[in-house]
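Asks: Got a structure for you, written out below as structure tokens; questions coming shortly.
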Amino acid sequence: LLRCASAFDEPLTAAYKPTRRESVDGVLRRMRERFGCTMVKAGDLVPHLLEQRGRVRLLAMLADQSPSAKSEQQTWIEFLGQQTSFFRGPGWIGAKLGYSVYLAAMHRERRGHYVVRFIELSRAGARAEPDQILTTCISGPTTAGSARSRFMDEPMASATASTPTRDSFGLRLRYACSWLLFFLGYRLFGLRRGTIRQNLRRSFPDMSDAGRERIRNDFVTRQAEILAEFDYARVMGAEELRARVQLLDPAGLLAAPVKLVLLGGHQCNFEWM
């Protein structure tokens, strides 16, 4: 959210789920609002939009927050070979309140460097059903190769000429500490090891054990990187953020005076997005 908040001409409003501890919630909010983003609790979002009466023109949401089992605001969509519940909010807001909906597809170019490409899901006035918007975003090919080509080929091709930003001592130290933490927790004590392996077997039943093992190792490594970068976001400046996160905007969304929902997921470093 940080990069989009600093790039668009319109103020960015983002929905979020509060944490159980108020002190932790305050730290997260201050970090996410550093570049002008306004955080609104997910449960208060629709009343907030109605109260503002169209003044909120740029809204960011994450689609893969799992709703509670009793929530009425959920829909079930097949994702990576299994039925998964998703909040209906992004699709409902786009369809009922007249927002265009775009997927913010993020790709990791190298450690600490990302590319975001905006993909149109629904245009304002198109009369799309709420679940249809989410299905367009989430469903589709489930193999690693086809999913990569669907969302990532263009960002990769456009980002090959970017100049790497040298990691500061603070970021390198955070990488080292988070790697050690994940090594102790996952490798030594086996935290969530069984859950990760079970989910990979369900999602990629036809993949070889060696292939799933490569994904598992990459996942653990990336989680350690995300933890380090998450903490670094508290002190990173706007200029360094622009160098580390590129926004590809072929449709000219950054300057468009229309109401937009930017729909993202827990993919790559969504805090830097």
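Chains: A, B, ... in order of the structure tokens. Residues: from 1 per chain. Ligands: from 1, in order shown.
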Taking the DSSP secondary structure from the backbone, can you list the residues of stretch 13-98 of chain A that are helix (DSSP H, G or I), as a ChimeraX atom specification?

Replies: /A:22-32,42-52,89-96

Asks: Give me, as a VMD selection string, all polymer residues having an atom no more than 9 Å from stretch 185-201 of chain A, counting only C-alpha atoms and skipping those fewer than 3 positions away in the same chain.

Replies: chain A and resid 180 to 182 204 to 207 209 212 to 213 215 to 216 220

Asks: Residues at most 9 Å from stretch 45-56 of chain A, counting only C-alpha atoms, excluding those fewer than 3 positions away in the same chain, as a list in words?

Replies: Glu10, Pro11, Leu12, Thr13, Ala14, Ala15, Val40, Lys41, Ala42, Leu59, Gly89, Ile93, Leu97 and Lys259 of chain A

Asks: Since we have the selection now, will you write its residues out, keeping N, CA, C and O atoms, as an mmCIF file, in the first residue's frame?

Replies:
data_model
loop_
_atom_site.group_PDB
_atom_site.id
_atom_site.type_symbol
_atom_site.label_atom_id
_atom_site.label_comp_id
_atom_site.auth_asym_id
_atom_site.auth_seq_id
_atom_site.Cartn_x
_atom_site.Cartn_y
_atom_site.Cartn_z
ATOM 1 N N GLU A 10 -4.906 11.039 -6.200
ATOM 2 C CA GLU A 10 -5.990 11.005 -5.228
ATOM 3 C C GLU A 10 -5.523 10.345 -3.928
ATOM 4 O O GLU A 10 -4.692 9.432 -3.950
ATOM 5 N N PRO A 11 -6.056 10.788 -2.766
ATOM 6 C CA PRO A 11 -5.737 10.109 -1.500
ATOM 7 C C PRO A 11 -6.218 8.661 -1.535
ATOM 8 O O PRO A 11 -7.271 8.359 -2.095
ATOM 9 N N LEU A 12 -5.458 7.782 -0.910
ATOM 10 C CA LEU A 12 -5.771 6.359 -0.904
ATOM 11 C C LEU A 12 -6.426 5.977 0.419
ATOM 12 O O LEU A 12 -5.935 6.334 1.493
ATOM 13 N N THR A 13 -7.548 5.258 0.327
ATOM 14 C CA THR A 13 -8.212 4.686 1.498
ATOM 15 C C THR A 13 -8.068 3.174 1.414
ATOM 16 O O THR A 13 -8.253 2.588 0.345
ATOM 17 N N ALA A 14 -7.730 2.535 2.520
ATOM 18 C CA ALA A 14 -7.510 1.090 2.515
ATOM 19 C C ALA A 14 -8.271 0.439 3.657
ATOM 20 O O ALA A 14 -8.303 0.955 4.779
ATOM 21 N N ALA A 15 -8.901 -0.708 3.363
ATOM 22 C CA ALA A 15 -9.601 -1.495 4.379
ATOM 23 C C ALA A 15 -8.608 -2.447 5.050
ATOM 24 O O ALA A 15 -7.700 -2.960 4.407
ATOM 25 N N VAL A 40 -9.146 2.197 7.205
ATOM 26 C CA VAL A 40 -10.506 2.079 7.714
ATOM 27 C C VAL A 40 -10.758 0.614 8.056
ATOM 28 O O VAL A 40 -10.455 -0.274 7.246
ATOM 29 N N LYS A 41 -11.304 0.351 9.235
ATOM 30 C CA LYS A 41 -11.612 -1.021 9.615
ATOM 31 C C LYS A 41 -12.583 -1.634 8.613
ATOM 32 O O LYS A 41 -13.517 -0.973 8.156
ATOM 33 N N ALA A 42 -12.364 -2.905 8.274
ATOM 34 C CA ALA A 42 -13.177 -3.562 7.251
ATOM 35 C C ALA A 42 -14.664 -3.511 7.588
ATOM 36 O O ALA A 42 -15.510 -3.304 6.717
ATOM 37 N N LEU A 59 -9.640 3.252 -3.545
ATOM 38 C CA LEU A 59 -9.819 2.321 -2.442
ATOM 39 C C LEU A 59 -8.966 1.083 -2.681
ATOM 40 O O LEU A 59 -8.984 0.509 -3.770
ATOM 41 N N GLY A 89 -16.670 -8.324 -0.285
ATOM 42 C CA GLY A 89 -16.631 -6.870 -0.277
ATOM 43 C C GLY A 89 -16.102 -6.203 -1.541
ATOM 44 O O GLY A 89 -16.749 -5.299 -2.091
ATOM 45 N N ILE A 93 -18.592 -3.781 -3.710
ATOM 46 C CA ILE A 93 -18.349 -2.340 -3.827
ATOM 47 C C ILE A 93 -18.207 -1.932 -5.287
ATOM 48 O O ILE A 93 -18.749 -0.913 -5.730
ATOM 49 N N LEU A 97 -21.497 0.162 -5.987
ATOM 50 C CA LEU A 97 -21.189 1.568 -5.707
ATOM 51 C C LEU A 97 -20.494 2.267 -6.871
ATOM 52 O O LEU A 97 -20.040 3.400 -6.727
ATOM 53 N N LYS A 259 -13.340 6.569 -10.064
ATOM 54 C CA LYS A 259 -13.342 5.851 -8.798
ATOM 55 C C LYS A 259 -12.787 4.455 -9.028
ATOM 56 O O LYS A 259 -13.267 3.716 -9.882
#

Asks: Just to confirm, what's the straight-line distance from atom CA of A:Phe86 to atom CA of A:Gln74 in Å (one decimal)?

Replies: 5.3 Å

Asks: Provide the atom CA of A:Cys37 to atom CA of A:Phe8 distance in Å, to one decimal place.

Replies: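 Atom-to-atom, atom CA of A:Cys37 and atom CA of A:Phe8 are spaced 10.6 Å apart.
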
Asks: Give me the residues near A:Leu241 as a PDB file with N, CA and C atoms, in the first residue's frame, where near means some atom within 8 Å (using only C-alpha atoms) and where sequence neighbours in that chain fewer than 4 positions away do not count.

Replies:
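So the final result, stored in selection.pdb, reads:
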ATOM      1  N   ARG A   3       3.560   2.176  -1.719  1.00  0.00           N
ATOM      2  CA  ARG A   3       3.942   2.715  -3.037  1.00  0.00           C
ATOM      3  C   ARG A   3       2.753   3.343  -3.749  1.00  0.00           C
ATOM      4  N   MET A 236      11.904   3.362   5.793  1.00  0.00           N
ATOM      5  CA  MET A 236      12.302   3.570   4.404  1.00  0.00           C
ATOM      6  C   MET A 236      11.717   4.868   3.870  1.00  0.00           C
ATOM      7  N   GLY A 237      12.535   5.628   3.134  1.00  0.00           N
ATOM      8  CA  GLY A 237      12.099   6.884   2.557  1.00  0.00           C
ATOM      9  C   GLY A 237      11.345   6.688   1.255  1.00  0.00           C
ATOM     10  N   VAL A 245      10.016  -0.410  -5.820  1.00  0.00           N
ATOM     11  CA  VAL A 245       8.719  -0.887  -6.289  1.00  0.00           C
ATOM     12  C   VAL A 245       8.315  -0.083  -7.521  1.00  0.00           C
ATOM     13  N   TRP A 272       4.552  -3.087   0.812  1.00  0.00           N
ATOM     14  CA  TRP A 272       5.274  -2.108  -0.007  1.00  0.00           C
ATOM     15  C   TRP A 272       4.477  -1.713  -1.250  1.00  0.00           C
TER      16      TRP A 272
END

Asks: Measuring between only C-alpha atoms, which one of A:Val235, A:Val115, A:Gln246, A:Thr165 shows the shortest distance to A:Arg30?

Replies: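 Of A:Val235, A:Val115, A:Gln246, A:Thr165, the one nearest A:Arg30, counting only C-alpha atoms, is A:Val235.
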
Asks: Taking only C-alpha atoms into account, which of A:Gln223, A:Ser178, A:Gln82, A:Ser100 comes nearest A:Arg202?

Replies: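 Result for the nearest residue to A:Arg202: A:Gln82.
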